Amino acid sequence: MRRLEAVSHFEYEVQSSTRSHTHRRHSHQAYSAARRQLRRRVGDVTGSRRRASMTQPTGRGKMAARLRGLVWASRPLLPVVQTWELHARRWVRALRRSPVRVVSPSGQVVERKPGPGKQPRRAAAETGPHEPRRKPSLQVPPSQKPCTWEDSGLRYDKALPGDRRLSSVMTIVKSRPFREKHGKILLEGRRLIADALKAGAVPKIFFFSRLEYLKELPIDKLKGVSLIKVKFEDIKDWSDLVTPQGIMGIFAKPDHVKMTYPETQLRHLLPLLLICDNLRDPGNLGTILRSAAGAGCSKVLLTKGCVDAWEPKVLRAAMGAHFQVPIINNLDWETLPNYLPTDTRVYVADNCGLYAQAHMSNKASDYGWVCDQQLSKLHKYEEEEEDLEPGASKAWLPEVEVQSYDLDWTEAPAAVVIGGETHGVSLESLQLAESTGGKRLLIPVVPGVDSLNSAMAASILLFEGKRQLRVRAEHVSRDRSYH
């Protein structure tokens with residue numbers, strides 16, 4: 001027993017002489033624990049011997065007891081080995097730390113700066129133990145705007161079965177009274193939505209079936225907008241398209257004063273306006289708006305009785321023209337002159353005026369134009385005229401001169417009135433043309449052919465006006481070069 005203690009004590013002295021003070025303390029604790037454990041083991045052996053001597057065991061029992069004592073005495077010091085493993089692990093953990101200073105073999109010292117987000121030890125020690133550490137600010141500089149969907153931090157909701165948000169919103173935007181009451185419109189398709197965002201329209205809600213469709217839109221325009229992912233079948237049920245594009249947007253009804261129109265469109269504006277009178281067909285109105293944007297009209301005015309310019313069918317037929325030319329909707333004839341520039345002449349595309357001129361000259365066959373609907377309309381005027389008293393005035397029927405569409409009529413700012421195919425132009429439009437010194441414009445067709453489509457007639461007149469303005473500008477520039 002004493003010999004074992006001496007050997008372990010000698011090992012302890014050798015080990016402690018080669019370690020630091022901290023390691024000595026750990027080794028001393030390990031040694032004390034090993035010594036206590038060894039004493040317990042020896043005590044167990046001596047106790048068993050005493051019990052064996054008291055019971056007077058046989059020779060075989062004495063020999064077994066002696067062998068057990070030798071086994072216990074010859075067992076290695078396991079706690080000492082465990083201390084070595086503990087210190088080895090500790091040193092491995094210490095080597096994983098990033099060095100603060102590196103000394104090269106040549107003696108050069110290289111300082112290592114702490115990585116981003118790491119605080120030096122001294123600075124951390126200066127702060128009080130009870131003071132909370134300040135987290136580094138995550139503010140993004142103004143120059144570094146988020147350029148991807150992940151950087152922007154946008155979130156979207158996924159519609160669950162039974163979600164009625166899409167149906168409730170579509171009920172509003174599909175009805176004109178609700179649309180005007182709530183001031184919201186529906187835009188469908190990635191191109192139309194992108195044009196609206198570029199022009200400054202304010203989005204409210206986006207319904208989409210795939211996240212890729214939403215990523216194609218400008219990220220800065222989507223902040224503060226409700227983004228809801230729905231099934232493609234739900235979009236297909238509410239879509240007016242044969243092949244829906246998988247994204248629908250609810251926007252606030254645009255105001256032409258606050259809109260930002262393309263610079264190229266503003267550079268090519270002409271002193272040419274378009275007035276739509278009683279246009280009821282959505283496809284015709286959309287095509288007319290598209291032609292007006294292509295011709296360079298400065299403004300489009302819609303009187304009461306026209307189809308809503310923000311109806312989905314009109315938006316689809318116009319192909320983004322709503323965001324290229326100012327559109328003023330639902331105007332009265334009393335307030336309409338306030339939207340016209342000064343010295344504007346109003347020209348009416350009305351074939352009925354040709355019949356009136358032919359009726360007065362008794363040469364209706366000389367004109368390649370007769371429209372049954374407009375003839376009946378003129379007969380209605382004549383019947384109302386016959387109902388008047390003999391001394392009553394006939395000034396209610398304006399006398400507006402008829403002119404061919406290819407003659408010059410753009411010497412002053414001009415406004416062209418296009419009537420619907422069902423009711424034609426109104427009496428108020430003729431009165432406005434008479435008061436401004438305008439005329440009726442004639443597009444001759446082959447005899448026996450009905451009147452042209454409203455969208456076709458508007459396109460012909462608008463591009464004819466553009467041609468006349470271009471020719472006049474060329475003459476002016478040529479005259480200036482001569483002088």
# chains A, B, ... in the order shown; residues from 1 in each chain; ligands from 1
$ residues_around --residues "segment 153-159 of chain A" --least-positions-apart "5" --cutoff "7 Å" --atoms "only C-alpha atoms" --output "number ranges by chain"
A: 227-230
$ residues_around --residues "Arg290 of chain A" --least-positions-apart "2" --cutoff "9 Å" --atoms "only C-alpha atoms" --output "PyMOL selection string"
chain A and resi 285-288+292-295+317-322
$ residues_around --residues "Leu186 of chain A" --least-positions-apart "2" --cutoff "10 Å" --atoms "only C-alpha atoms" --output "list in words"
Val169, Met170, Ile172, Val173, Lys174, Arg179, Lys184, Glu188, Ile193, Pro203, Ile205, Phe206, Met248, Gly249, Ile250, Phe251, Ala252, Lys253, Trp310, Glu311, Pro312 and Leu315 of chain A
$ residues_around --residues "Gly438 of chain A" --least-positions-apart "4" --cutoff "7 Å" --atoms "only C-alpha atoms" --output "list of chain:residue names"
A:Arg345, A:Val346, A:Tyr347, A:Ala433, A:Glu434
$ write_last_selection --atoms "C-alpha atoms" --output "short mmCIF file (atom, residue, chain, number, x, y, z; two decimals), in the first residue's frame"
data_model
loop_
_atom_site.label_atom_id
_atom_site.label_comp_id
_atom_site.auth_asym_id
_atom_site.auth_seq_id
_atom_site.Cartn_x
_atom_site.Cartn_y
_atom_site.Cartn_z
CA ARG A 345 -62.28 73.88 -83.27
CA VAL A 346 -64.54 70.86 -82.88
CA TYR A 347 -65.02 68.58 -85.90
CA ALA A 433 -69.02 72.25 -83.47
CA GLU A 434 -71.16 75.14 -84.69
#
$ residues_around --residues "Glu464 of chain A" --least-positions-apart "4" --cutoff "9 Å" --atoms "only C-alpha atoms" --output "number ranges by chain"
A: 405-406, 459-460, 468-469
$ write_last_selection --atoms "all heavy atoms" --output "PDB file, in the first residue's frame"
ATOM      1  N   TYR A 405     -62.610  64.594 -95.347  1.00  0.00           N
ATOM      2  CA  TYR A 405     -61.647  64.389 -94.264  1.00  0.00           C
ATOM      3  C   TYR A 405     -60.212  64.674 -94.699  1.00  0.00           C
ATOM      4  O   TYR A 405     -59.346  64.967 -93.866  1.00  0.00           O
ATOM      5  CB  TYR A 405     -61.746  62.949 -93.750  1.00  0.00           C
ATOM      6  CG  TYR A 405     -61.016  61.942 -94.600  1.00  0.00           C
ATOM      7  CD1 TYR A 405     -59.795  61.415 -94.222  1.00  0.00           C
ATOM      8  CD2 TYR A 405     -61.545  61.520 -95.835  1.00  0.00           C
ATOM      9  CE1 TYR A 405     -59.130  60.489 -94.998  1.00  0.00           C
ATOM     10  CE2 TYR A 405     -60.892  60.603 -96.613  1.00  0.00           C
ATOM     11  CZ  TYR A 405     -59.679  60.085 -96.197  1.00  0.00           C
ATOM     12  OH  TYR A 405     -59.024  59.184 -96.987  1.00  0.00           O
ATOM     13  N   ASP A 406     -59.916  64.588 -96.027  1.00  0.00           N
ATOM     14  CA  ASP A 406     -58.549  64.769 -96.485  1.00  0.00           C
ATOM     15  C   ASP A 406     -58.204  66.216 -96.772  1.00  0.00           C
ATOM     16  O   ASP A 406     -57.057  66.517 -97.115  1.00  0.00           O
ATOM     17  CB  ASP A 406     -58.291  63.927 -97.729  1.00  0.00           C
ATOM     18  CG  ASP A 406     -59.303  64.200 -98.832  1.00  0.00           C
ATOM     19  OD1 ASP A 406     -60.303  64.915 -98.557  1.00  0.00           O
ATOM     20  OD2 ASP A 406     -59.105  63.699 -99.953  1.00  0.00           O
ATOM     21  N   SER A 459     -59.653  56.106 -86.200  1.00  0.00           N
ATOM     22  CA  SER A 459     -58.259  55.904 -86.583  1.00  0.00           C
ATOM     23  C   SER A 459     -57.924  56.659 -87.865  1.00  0.00           C
ATOM     24  O   SER A 459     -56.863  57.286 -87.974  1.00  0.00           O
ATOM     25  CB  SER A 459     -57.977  54.414 -86.757  1.00  0.00           C
ATOM     26  OG  SER A 459     -58.244  53.697 -85.563  1.00  0.00           O
ATOM     27  N   ILE A 460     -58.837  56.618 -88.837  1.00  0.00           N
ATOM     28  CA  ILE A 460     -58.583  57.312 -90.103  1.00  0.00           C
ATOM     29  C   ILE A 460     -58.461  58.807 -89.874  1.00  0.00           C
ATOM     30  O   ILE A 460     -57.539  59.473 -90.373  1.00  0.00           O
ATOM     31  CB  ILE A 460     -59.694  56.987 -91.110  1.00  0.00           C
ATOM     32  CG1 ILE A 460     -59.623  55.516 -91.516  1.00  0.00           C
ATOM     33  CG2 ILE A 460     -59.598  57.883 -92.336  1.00  0.00           C
ATOM     34  CD1 ILE A 460     -60.769  55.072 -92.393  1.00  0.00           C
ATOM     35  N   GLN A 468     -51.507  65.817 -91.688  1.00  0.00           N
ATOM     36  CA  GLN A 468     -51.616  67.236 -92.033  1.00  0.00           C
ATOM     37  C   GLN A 468     -50.701  68.097 -91.166  1.00  0.00           C
ATOM     38  O   GLN A 468     -50.057  69.031 -91.658  1.00  0.00           O
ATOM     39  CB  GLN A 468     -53.072  67.690 -91.902  1.00  0.00           C
ATOM     40  CG  GLN A 468     -54.014  67.025 -92.894  1.00  0.00           C
ATOM     41  CD  GLN A 468     -55.451  67.493 -92.733  1.00  0.00           C
ATOM     42  OE1 GLN A 468     -55.722  68.445 -92.006  1.00  0.00           O
ATOM     43  NE2 GLN A 468     -56.377  66.818 -93.406  1.00  0.00           N
ATOM     44  N   LEU A 469     -50.617  67.792 -89.881  1.00  0.00           N
ATOM     45  CA  LEU A 469     -49.734  68.556 -89.003  1.00  0.00           C
ATOM     46  C   LEU A 469     -48.274  68.343 -89.370  1.00  0.00           C
ATOM     47  O   LEU A 469     -47.465  69.280 -89.320  1.00  0.00           O
ATOM     48  CB  LEU A 469     -49.981  68.149 -87.552  1.00  0.00           C
ATOM     49  CG  LEU A 469     -51.335  68.566 -86.957  1.00  0.00           C
ATOM     50  CD1 LEU A 469     -51.541  67.920 -85.601  1.00  0.00           C
ATOM     51  CD2 LEU A 469     -51.417  70.087 -86.836  1.00  0.00           C
TER      52      LEU A 469
END
$ residues_around --residues "segment 254-263 of chain A" --least-positions-apart "4" --cutoff "10 Å" --atoms "only C-alpha atoms" --output "PyMOL selection string"
chain A and resi 183-185+195-202+267-268+299+310+322-328
$ closest_residue --among "A:Phe463, A:Ala194, A:Ser298, A:Ser477" --to "Glu216 of chain A" --atoms "only C-alpha atoms"
A:Ala194
$ atom_distance --atom1 "atom CA of Asn329 of chain A" --atom2 "atom CA of Gly189 of chain A"
23.4 Å
